[in-house]
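Shown here: target.cif, mmCIF, C-alpha atoms.
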```cif
data_input
#
loop_
_atom_site.label_atom_id
_atom_site.label_comp_id
_atom_site.auth_asym_id
_atom_site.auth_seq_id
_atom_site.Cartn_x
_atom_site.Cartn_y
_atom_site.Cartn_z
CA MET A 1 9.25 26.27 -16.38
CA LYS A 2 7.52 24.92 -13.28
CA SER A 3 10.07 22.24 -12.32
CA SER A 4 13.30 20.55 -13.31
CA SER A 5 13.75 16.82 -13.01
CA ASP A 6 16.09 13.96 -13.77
CA ARG A 7 13.68 11.21 -14.73
CA ILE A 8 14.02 7.63 -15.96
CA LEU A 9 11.11 5.74 -17.54
CA GLU A 10 11.32 1.97 -17.82
CA THR A 11 9.46 -0.82 -19.62
CA PRO A 12 9.95 -4.04 -17.65
CA SER A 13 10.50 -7.44 -19.22
CA SER A 14 7.63 -9.90 -19.16
CA TYR A 15 9.51 -11.96 -16.56
CA ALA A 16 9.96 -8.97 -14.25
CA ARG A 17 6.34 -7.96 -14.73
CA SER A 18 5.22 -11.43 -13.63
CA HIS A 19 7.67 -12.07 -10.80
CA PHE A 20 9.24 -8.87 -9.41
CA TYR A 21 8.57 -5.44 -8.09
CA TYR A 22 9.54 -3.28 -11.05
CA ILE A 23 10.13 0.39 -11.79
CA GLN A 24 7.80 2.35 -14.03
CA GLU A 25 9.41 5.74 -13.38
CA ILE A 26 12.02 7.09 -11.00
CA GLY A 27 13.34 10.60 -10.62
CA ILE A 28 14.52 13.58 -8.63
CA LEU A 29 12.40 16.70 -9.00
CA GLN A 30 13.05 20.29 -8.00
CA SER A 31 9.91 22.41 -8.09
CA LEU A 32 10.43 25.99 -9.24
CA GLU A 33 6.88 27.25 -8.73
CA PRO A 34 3.53 25.85 -7.53
CA HIS A 35 2.07 23.21 -9.79
CA VAL A 36 -0.65 20.68 -9.03
CA SER A 37 -0.08 17.14 -10.31
CA ARG A 38 -3.30 15.09 -10.34
CA ARG A 39 -3.65 11.40 -11.12
CA SER A 40 -6.18 8.59 -10.73
CA ASN A 41 -6.85 5.07 -11.98
CA LEU A 42 -3.19 4.21 -12.44
CA ASN A 43 -1.94 0.65 -12.05
CA SER A 44 0.94 1.94 -9.98
CA PHE A 45 2.20 2.73 -6.50
CA LEU A 46 3.99 5.97 -5.77
CA PHE A 47 6.60 6.41 -3.06
CA PHE A 48 8.46 9.65 -2.55
CA VAL A 49 10.66 11.43 -0.03
CA VAL A 50 10.56 15.20 0.49
CA LEU A 51 14.25 16.10 0.43
CA SER A 52 13.65 19.79 1.11
CA GLY A 53 10.87 22.36 0.99
CA SER A 54 7.19 21.79 1.67
CA GLY A 55 3.83 21.28 0.01
CA THR A 56 0.61 19.30 0.21
CA VAL A 57 -0.63 15.93 -0.91
CA SER A 58 -4.31 15.01 -1.25
CA ILE A 59 -5.42 11.38 -1.19
CA GLY A 60 -9.09 11.02 -1.90
CA LYS A 61 -10.72 13.68 0.28
CA THR A 62 -7.88 13.92 2.80
CA LYS A 63 -5.27 16.66 2.48
CA TYR A 64 -1.87 16.48 4.21
CA SER A 65 0.70 19.22 4.73
CA ILE A 66 4.15 17.73 4.25
CA GLY A 67 7.72 18.96 4.48
CA SER A 68 11.37 18.00 4.50
CA GLY A 69 11.94 14.49 5.87
CA ASP A 70 8.42 13.22 5.20
CA CYS A 71 7.66 10.09 3.18
CA VAL A 72 4.53 9.48 1.11
CA TRP A 73 3.30 6.05 -0.06
CA ILE A 74 0.21 6.03 -2.30
CA ASP A 75 -1.91 3.48 -4.13
CA CYS A 76 -2.41 5.30 -7.42
CA SER A 77 -5.56 3.41 -8.36
CA GLY A 78 -7.44 6.08 -6.39
CA ALA A 79 -7.46 9.82 -6.92
CA TYR A 80 -4.53 11.80 -5.55
CA SER A 81 -2.68 15.06 -6.13
CA HIS A 82 0.35 16.88 -4.81
CA GLU A 83 1.55 20.48 -4.97
CA SER A 84 4.72 22.28 -3.92
CA SER A 85 4.37 25.41 -1.82
CA ALA A 86 5.04 28.80 -3.41
CA ASP A 87 7.22 30.10 -0.56
CA ASP A 88 9.26 26.94 -0.01
CA PRO A 89 9.40 24.88 -3.23
CA TRP A 90 10.16 21.27 -2.61
CA SER A 91 12.63 18.75 -3.92
CA LEU A 92 11.41 15.16 -4.22
CA PHE A 93 13.01 11.78 -4.78
CA TRP A 94 10.28 9.53 -6.14
CA ILE A 95 9.45 6.21 -7.72
CA HIS A 96 6.41 4.76 -9.46
CA TYR A 97 6.47 0.99 -9.27
CA ASP A 98 4.24 -2.06 -9.57
CA GLY A 99 4.47 -5.84 -9.32
CA PRO A 100 2.38 -8.95 -8.64
CA GLU A 101 2.66 -8.46 -4.85
CA ALA A 102 2.48 -4.64 -4.85
CA ALA A 103 -1.22 -4.38 -4.02
CA SER A 104 -1.17 -7.05 -1.30
CA SER A 105 1.89 -5.58 0.43
CA TYR A 106 0.33 -2.12 0.45
CA SER A 107 -2.97 -3.53 1.70
CA ALA A 108 -1.14 -5.32 4.53
CA TYR A 109 0.59 -2.06 5.46
CA VAL A 110 -2.72 -0.19 5.63
CA SER A 111 -4.50 -2.99 7.52
CA GLN A 112 -1.83 -2.81 10.23
CA GLY A 113 -2.40 0.90 10.73
CA GLY A 114 0.14 2.30 8.26
CA GLU A 115 -0.48 5.87 7.08
CA PRO A 116 0.16 7.20 3.56
CA VAL A 117 2.21 10.07 5.01
CA PHE A 118 4.81 9.51 7.74
CA LYS A 119 8.09 10.89 9.05
CA PRO A 120 10.57 8.04 9.53
CA GLY A 121 13.05 7.85 12.35
CA ASN A 122 15.85 7.25 9.85
CA LEU A 123 15.31 8.86 6.45
CA LEU A 124 18.63 7.52 5.18
CA VAL A 125 17.17 4.01 4.90
CA PHE A 126 14.80 5.30 2.22
CA THR A 127 17.04 7.76 0.39
CA GLU A 128 19.84 5.18 0.08
CA SER A 129 17.50 2.64 -1.50
CA LEU A 130 16.13 5.26 -3.89
CA GLN A 131 19.66 6.30 -4.85
CA LYS A 132 20.67 2.69 -5.50
CA LEU A 133 17.58 2.25 -7.67
CA PHE A 134 18.32 5.41 -9.60
CA ASP A 135 21.99 4.54 -10.15
CA THR A 136 21.15 0.98 -11.20
CA HIS A 137 18.76 2.17 -13.89
CA LYS A 138 20.97 5.07 -14.95
CA LYS A 139 23.86 2.69 -15.58
CA LYS A 140 21.67 -0.11 -16.95
CA ALA A 141 23.54 -2.42 -14.60
CA SER A 142 23.73 -6.19 -14.98
CA TYR A 143 20.79 -7.91 -13.30
CA MET A 144 19.08 -4.51 -13.23
CA GLU A 145 15.56 -5.88 -12.74
CA LEU A 146 16.65 -8.30 -10.01
CA LEU A 147 18.41 -5.48 -8.17
CA SER A 148 15.36 -3.22 -8.61
CA ASN A 149 13.20 -5.88 -6.99
CA LYS A 150 15.59 -5.98 -4.03
CA TYR A 151 15.74 -2.20 -3.52
CA ILE A 152 11.97 -1.74 -3.86
CA THR A 153 11.49 -4.62 -1.40
CA ASP A 154 13.83 -2.77 0.97
CA ILE A 155 11.63 0.35 0.73
CA VAL A 156 8.39 -1.59 1.25
CA THR A 157 9.92 -3.43 4.22
CA ALA A 158 11.20 -0.19 5.75
CA CYS A 159 7.72 1.36 5.43
CA CYS A 160 6.09 -1.61 7.17
CA LEU A 161 8.70 -1.67 9.94
CA GLU A 162 8.28 2.06 10.48
CA SER A 163 4.53 1.57 10.86
CA ALA A 164 5.02 -1.36 13.24
CA GLU A 165 7.34 0.71 15.44
CA ASP A 166 4.86 3.59 15.47
CA GLN A 167 2.02 1.26 16.43
CA SER A 168 4.08 -0.34 19.21
CA ALA A 169 5.07 3.04 20.59
CA ASN A 170 1.54 4.42 20.52
CA THR A 171 -0.41 1.38 21.74
CA PRO A 172 -0.65 0.80 25.52
CA LEU A 173 -1.62 -2.79 24.74
CA SER A 174 1.67 -3.56 22.94
CA GLY A 175 3.32 -5.03 26.07
CA LYS A 176 0.38 -7.34 26.61
CA LEU A 177 0.46 -8.44 22.97
CA VAL A 178 4.05 -9.60 23.39
CA SER A 179 2.99 -11.45 26.54
CA VAL A 180 0.11 -13.09 24.66
CA HIS A 181 2.50 -14.27 21.95
CA GLN A 182 4.84 -15.66 24.61
CA TYR A 183 1.87 -17.39 26.24
CA LEU A 184 1.03 -19.09 22.92
CA GLU A 185 4.63 -20.27 22.59
CA ALA A 186 4.59 -21.69 26.12
CA HIS A 187 1.10 -23.25 26.09
CA TYR A 188 0.78 -24.54 22.51
CA LYS A 189 0.18 -28.08 23.80
CA GLU A 190 -2.94 -26.95 25.66
CA LYS A 191 -6.40 -25.87 24.58
CA VAL A 192 -6.11 -22.10 24.08
CA GLU A 193 -9.25 -20.04 23.51
CA LEU A 194 -9.74 -16.32 22.99
CA ASP A 195 -11.97 -16.07 26.08
CA LEU A 196 -9.19 -17.58 28.20
CA LEU A 197 -6.61 -15.12 26.83
CA ALA A 198 -8.95 -12.20 27.45
CA ARG A 199 -9.46 -13.25 31.08
CA THR A 200 -5.77 -13.97 31.63
CA PHE A 201 -4.61 -10.61 30.28
CA PHE A 202 -7.59 -8.51 31.42
CA VAL A 203 -8.58 -7.19 28.00
CA SER A 204 -11.66 -7.38 25.78
CA LYS A 205 -11.38 -10.36 23.47
CA TYR A 206 -12.51 -8.28 20.49
CA HIS A 207 -9.93 -5.59 21.20
CA LEU A 208 -7.25 -8.22 21.78
CA SER A 209 -8.04 -10.01 18.54
CA ARG A 210 -7.98 -6.80 16.49
CA GLU A 211 -4.80 -5.39 18.01
CA TYR A 212 -2.94 -8.72 17.85
CA ARG A 213 -3.54 -8.90 14.11
CA LYS A 214 -2.33 -5.32 13.69
CA HIS A 215 0.78 -5.98 15.77
CA TYR A 216 1.81 -9.35 14.33
CA GLY A 217 0.10 -9.36 10.93
CA ALA A 218 -1.72 -12.59 11.74
CA SER A 219 -4.68 -13.67 13.84
CA ILE A 220 -4.17 -15.36 17.20
CA THR A 221 -5.61 -18.59 15.79
CA SER A 222 -3.33 -18.67 12.74
CA ASP A 223 -0.31 -17.76 14.86
CA LEU A 224 -1.07 -20.56 17.33
CA THR A 225 -1.50 -23.02 14.46
CA ALA A 226 1.87 -21.98 12.98
CA ILE A 227 3.54 -22.47 16.37
CA ARG A 228 2.02 -25.94 16.73
CA ILE A 229 3.02 -26.97 13.20
CA SER A 230 6.59 -25.76 13.79
CA HIS A 231 6.86 -27.92 16.91
CA ALA A 232 5.28 -30.83 15.05
CA LYS A 233 7.98 -30.58 12.37
CA SER A 234 10.64 -30.84 15.04
CA PHE A 235 9.03 -33.95 16.53
CA LEU A 236 8.65 -35.52 13.08
CA ARG A 237 12.35 -35.05 12.37
CA PHE A 238 13.94 -35.65 15.74
CA SER A 239 11.70 -38.08 17.65
CA ASP A 240 10.35 -41.59 17.20
CA ASP A 241 6.80 -40.59 18.17
CA SER A 242 3.88 -41.64 15.98
CA VAL A 243 1.82 -39.09 14.06
CA ALA A 244 -1.00 -39.56 16.58
CA GLU A 245 1.36 -38.93 19.51
CA ILE A 246 2.81 -35.84 17.84
CA ALA A 247 -0.68 -34.51 17.14
CA LEU A 248 -1.71 -34.77 20.78
CA GLY A 249 1.64 -33.42 21.96
CA CYS A 250 1.23 -30.32 19.81
CA GLY A 251 -2.27 -29.38 20.88
CA PHE A 252 -4.33 -31.15 18.20
CA GLN A 253 -7.20 -33.20 19.56
CA GLU A 254 -6.98 -35.97 16.99
CA ALA A 255 -4.60 -37.14 14.28
CA GLY A 256 -6.98 -36.72 11.35
CA TYR A 257 -7.42 -33.02 12.01
CA PHE A 258 -3.66 -32.60 12.54
CA ILE A 259 -2.96 -34.21 9.15
CA LYS A 260 -5.53 -31.94 7.49
CA VAL A 261 -4.04 -28.78 9.01
CA PHE A 262 -0.47 -29.89 8.30
CA ARG A 263 -1.29 -30.56 4.64
CA ALA A 264 -2.97 -27.15 4.32
CA GLN A 265 0.12 -25.43 5.77
CA GLU A 266 2.87 -27.44 4.07
CA ASN A 267 1.18 -28.88 0.97
CA MET A 268 2.17 -32.39 2.13
CA THR A 269 1.19 -34.83 4.86
CA PRO A 270 3.25 -35.25 8.05
CA LEU A 271 4.50 -38.60 6.75
CA GLU A 272 5.58 -37.04 3.46
CA TYR A 273 7.39 -34.32 5.39
CA TRP A 274 9.18 -36.92 7.50
CA LYS A 275 10.33 -38.80 4.37
CA LYS A 276 11.57 -35.64 2.61
CA TRP A 277 13.39 -34.14 5.60
#
```

Mind converting the file's structure to structure tokens?
Amino acid sequence: MKSSSDRILETPSSYARSHFYYIQEIGILQSLEPHVSRRSNLNSFLFFVVLSGSGTVSIGKTKYSIGSGDCVWIDCSGAYSHESSADDPWSLFWIHYDGPEAASSYSAYVSQGGEPVFKPGNLLVFTESLQKLFDTHKKKASYMELLSNKYITDIVTACCLESAEDQSANTPLSGKLVSVHQYLEAHYKEKVELDLLARTFFVSKYHLSREYRKHYGASITSDLTAIRISHAKSFLRFSDDSVAEIALGCGFQEAGYFIKVFRAQENMTPLEYWKKW
């Protein structure tokens, strides 16, 4: 016997499959001897925590040595494998999951510099969510699929926050990025261009643009637009200004363009927003 495990397999409802993150498998595994597990082309995402012991995980052509306290997050549509060490067999707490937003959330994590293997500052955040998932499915609790969606969301969020903290700690530019964001908040009424920001903060505009997206998950242009629209909403609700006056006061050069951008963001015109709110 190469391992012992306490495993739960689930078949989600059609509603959960269409709307939630949902469990495919979850379990706790204790390896008793080396064994390579290889997979590819699965419509699934694998997350696991190494509770004790050590081993390796290979993702594509990259091989990682991992040990107690490490987390692994894998898109299983590609080839991957993992193997416990012979001298120090590992214990894993793992989940296979999927959902309509699973691929996009993982892609966002990777695009912002997230790694498939990482050691979190607080492992308890992950093990507690896994334990709640396991207990919920073991007991077949009421609202099981809704709770599963919450706990998987907690894991995905914790992974992304861990990556963001790592990026902030390791990027000398992080302080400037915060200053750039504050500049956008303060100067949203003005014409703001990437060249101006690059000169103001003494950084290459290409580097600034790339690192800002990594840090905030949005481009400088889209962030500035969101700031302007947020201020425009406030003026629509709490001032007597006309749409044209609000447009100019929020950094839009003319009312027609403001209405177009507002509709694209809110799926309604500024006037419709004013009437509803």

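Between A:Gly53 and the candidates A:Trp90, A:Leu224, A:His82, A:Pro34, the tightest atom-to-atom separation, counting only C-alpha atoms, involves A:Trp90.
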
- Query: Which one of A:Trp73, A:Phe238, A:Phe134, A:Phe262 sits closest to A:Ser107 if you count only C-alpha atoms?
  - Reply: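 Of A:Trp73, A:Phe238, A:Phe134, A:Phe262, the one nearest A:Ser107 is A:Trp73, counting only C-alpha atoms.
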
- Item | Evaluate the PyMOL selection byres ((chain A and resi 5-15) around 6) and report residues as a PyMOL selection string | chain A and resi 4+16-18+24-29

- Task: Apply the PyMOL selection byres ((chain A and resi 78) around 6) to the structure shown and report the selected residues as a PyMOL selection string.
- Result: chain A and resi 40-41+76-77+79

Every residue with an atom at most 10 Å from (8.2, 30.2, -5.4) (file coordinates; all atoms listed in the file) is what I'm after, so could you write them as a PDB file with C-alpha atoms, in the frame of the given file?
```pdb
ATOM      1  CA  LYS A   2       7.520  24.920 -13.280  1.00  0.00           C
ATOM      2  CA  SER A  31       9.910  22.410  -8.090  1.00  0.00           C
ATOM      3  CA  LEU A  32      10.430  25.990  -9.240  1.00  0.00           C
ATOM      4  CA  GLU A  33       6.880  27.250  -8.730  1.00  0.00           C
ATOM      5  CA  PRO A  34       3.530  25.850  -7.530  1.00  0.00           C
ATOM      6  CA  SER A  84       4.720  22.280  -3.920  1.00  0.00           C
ATOM      7  CA  SER A  85       4.370  25.410  -1.820  1.00  0.00           C
ATOM      8  CA  ALA A  86       5.040  28.800  -3.410  1.00  0.00           C
ATOM      9  CA  ASP A  87       7.220  30.100  -0.560  1.00  0.00           C
ATOM     10  CA  ASP A  88       9.260  26.940  -0.010  1.00  0.00           C
ATOM     11  CA  PRO A  89       9.400  24.880  -3.230  1.00  0.00           C
ATOM     12  CA  TRP A  90      10.160  21.270  -2.610  1.00  0.00           C
TER      13      TRP A  90
END
```

- Of the residues A:Val156, A:Ala264, A:Val49, A:Ile229, which is the one nearest to A:Tyr188, using all atoms listed in the file?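 Answer, going by the shortest atom-to-atom distance: A:Ile229.
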
- Can you list, as a ChimeraX atom specification, every protein, DNA or RNA residue that comes within 10 Å of A:Thr221 when you count only C-alpha atoms, leaving out same-chain residues fewer than 3 positions away? /A:184,192-194,209,218,224-227

- Message: Give me the residues near A:Leu177 as a PyMOL selection string, where near means some atom within 8 Å (using all atoms listed in the file) and where sequence neighbours in that chain fewer than 2 positions away do not count.
- Response: chain A and resi 173-175+179-181+208+211-212+215

- Task: Can you turn the PyMOL selection byres ((chain A and resi 122) around 12) into a concrete residue list for this file, as a VMD selection string?
- Result: chain A and resid 49 69 to 71 118 to 121 123 to 128 158 to 159 161 to 162

- Pick out the residues sitting within 8 Å of A:Val243, and hand them over as a list of chain:residue names; count only C-alpha atoms, and ignore anything fewer than 5 positions along from it in its own chain.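 Counting only the stated atoms, we get A:Leu236, A:Ala255, A:Pro270, A:Leu271.
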
Write stretch 221-245 of chain A as a PDB file, in the coordinates of the input, completed to N, CA and C atoms.
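See selection_35.pdb below for the written result:
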```
ATOM      1  N   THR A 221      -5.391 -17.188  16.179  1.00  0.00           N
ATOM      2  CA  THR A 221      -5.610 -18.590  15.790  1.00  0.00           C
ATOM      3  C   THR A 221      -4.568 -19.062  14.787  1.00  0.00           C
ATOM      4  N   SER A 222      -4.305 -18.261  13.764  1.00  0.00           N
ATOM      5  CA  SER A 222      -3.330 -18.670  12.740  1.00  0.00           C
ATOM      6  C   SER A 222      -1.920 -18.696  13.314  1.00  0.00           C
ATOM      7  N   ASP A 223      -1.628 -17.775  14.230  1.00  0.00           N
ATOM      8  CA  ASP A 223      -0.310 -17.760  14.860  1.00  0.00           C
ATOM      9  C   ASP A 223      -0.119 -19.005  15.726  1.00  0.00           C
ATOM     10  N   LEU A 224      -1.141 -19.365  16.489  1.00  0.00           N
ATOM     11  CA  LEU A 224      -1.070 -20.560  17.330  1.00  0.00           C
ATOM     12  C   LEU A 224      -0.896 -21.813  16.469  1.00  0.00           C
ATOM     13  N   THR A 225      -1.623 -21.873  15.360  1.00  0.00           N
ATOM     14  CA  THR A 225      -1.500 -23.020  14.460  1.00  0.00           C
ATOM     15  C   THR A 225      -0.081 -23.117  13.904  1.00  0.00           C
ATOM     16  N   ALA A 226       0.505 -21.982  13.506  1.00  0.00           N
ATOM     17  CA  ALA A 226       1.870 -21.980  12.980  1.00  0.00           C
ATOM     18  C   ALA A 226       2.871 -22.456  14.038  1.00  0.00           C
ATOM     19  N   ILE A 227       2.663 -22.034  15.276  1.00  0.00           N
ATOM     20  CA  ILE A 227       3.540 -22.470  16.370  1.00  0.00           C
ATOM     21  C   ILE A 227       3.436 -23.980  16.557  1.00  0.00           C
ATOM     22  N   ARG A 228       2.223 -24.496  16.548  1.00  0.00           N
ATOM     23  CA  ARG A 228       2.020 -25.940  16.730  1.00  0.00           C
ATOM     24  C   ARG A 228       2.635 -26.733  15.590  1.00  0.00           C
ATOM     25  N   ILE A 229       2.463 -26.262  14.356  1.00  0.00           N
ATOM     26  CA  ILE A 229       3.020 -26.970  13.200  1.00  0.00           C
ATOM     27  C   ILE A 229       4.543 -26.950  13.251  1.00  0.00           C
ATOM     28  N   SER A 230       5.128 -25.837  13.678  1.00  0.00           N
ATOM     29  CA  SER A 230       6.590 -25.760  13.790  1.00  0.00           C
ATOM     30  C   SER A 230       7.123 -26.780  14.782  1.00  0.00           C
ATOM     31  N   HIS A 231       6.443 -26.918  15.919  1.00  0.00           N
ATOM     32  CA  HIS A 231       6.860 -27.920  16.910  1.00  0.00           C
ATOM     33  C   HIS A 231       6.645 -29.332  16.356  1.00  0.00           C
ATOM     34  N   ALA A 232       5.559 -29.513  15.634  1.00  0.00           N
ATOM     35  CA  ALA A 232       5.280 -30.830  15.050  1.00  0.00           C
ATOM     36  C   ALA A 232       6.383 -31.235  14.073  1.00  0.00           C
ATOM     37  N   LYS A 233       6.878 -30.291  13.298  1.00  0.00           N
ATOM     38  CA  LYS A 233       7.980 -30.580  12.370  1.00  0.00           C
ATOM     39  C   LYS A 233       9.207 -31.081  13.126  1.00  0.00           C
ATOM     40  N   SER A 234       9.486 -30.425  14.252  1.00  0.00           N
ATOM     41  CA  SER A 234      10.640 -30.840  15.040  1.00  0.00           C
ATOM     42  C   SER A 234      10.476 -32.263  15.553  1.00  0.00           C
ATOM     43  N   PHE A 235       9.284 -32.591  16.041  1.00  0.00           N
ATOM     44  CA  PHE A 235       9.030 -33.950  16.530  1.00  0.00           C
ATOM     45  C   PHE A 235       9.111 -34.967  15.396  1.00  0.00           C
ATOM     46  N   LEU A 236       8.602 -34.612  14.219  1.00  0.00           N
ATOM     47  CA  LEU A 236       8.650 -35.520  13.080  1.00  0.00           C
ATOM     48  C   LEU A 236      10.094 -35.848  12.696  1.00  0.00           C
ATOM     49  N   ARG A 237      10.962 -34.862  12.795  1.00  0.00           N
ATOM     50  CA  ARG A 237      12.350 -35.050  12.370  1.00  0.00           C
ATOM     51  C   ARG A 237      13.241 -35.649  13.445  1.00  0.00           C
ATOM     52  N   PHE A 238      12.965 -35.314  14.704  1.00  0.00           N
ATOM     53  CA  PHE A 238      13.940 -35.650  15.740  1.00  0.00           C
ATOM     54  C   PHE A 238      13.393 -36.531  16.855  1.00  0.00           C
ATOM     55  N   SER A 239      12.228 -37.149  16.654  1.00  0.00           N
ATOM     56  CA  SER A 239      11.700 -38.080  17.650  1.00  0.00           C
ATOM     57  C   SER A 239      11.190 -39.332  16.948  1.00  0.00           C
ATOM     58  N   ASP A 240      10.914 -40.346  17.727  1.00  0.00           N
ATOM     59  CA  ASP A 240      10.350 -41.590  17.200  1.00  0.00           C
ATOM     60  C   ASP A 240       8.848 -41.686  17.459  1.00  0.00           C
ATOM     61  N   ASP A 241       8.232 -40.585  17.864  1.00  0.00           N
ATOM     62  CA  ASP A 241       6.800 -40.590  18.170  1.00  0.00           C
ATOM     63  C   ASP A 241       5.982 -40.833  16.911  1.00  0.00           C
ATOM     64  N   SER A 242       4.810 -41.427  17.091  1.00  0.00           N
ATOM     65  CA  SER A 242       3.880 -41.640  15.980  1.00  0.00           C
ATOM     66  C   SER A 242       3.193 -40.322  15.633  1.00  0.00           C
ATOM     67  N   VAL A 243       2.561 -40.286  14.484  1.00  0.00           N
ATOM     68  CA  VAL A 243       1.820 -39.090  14.060  1.00  0.00           C
ATOM     69  C   VAL A 243       0.735 -38.761  15.080  1.00  0.00           C
ATOM     70  N   ALA A 244       0.061 -39.781  15.595  1.00  0.00           N
ATOM     71  CA  ALA A 244      -1.000 -39.560  16.580  1.00  0.00           C
ATOM     72  C   ALA A 244      -0.431 -38.959  17.869  1.00  0.00           C
ATOM     73  N   GLU A 245       0.735 -39.452  18.295  1.00  0.00           N
ATOM     74  CA  GLU A 245       1.360 -38.930  19.510  1.00  0.00           C
ATOM     75  C   GLU A 245       1.820 -37.484  19.317  1.00  0.00           C
TER      76      GLU A 245
END
```
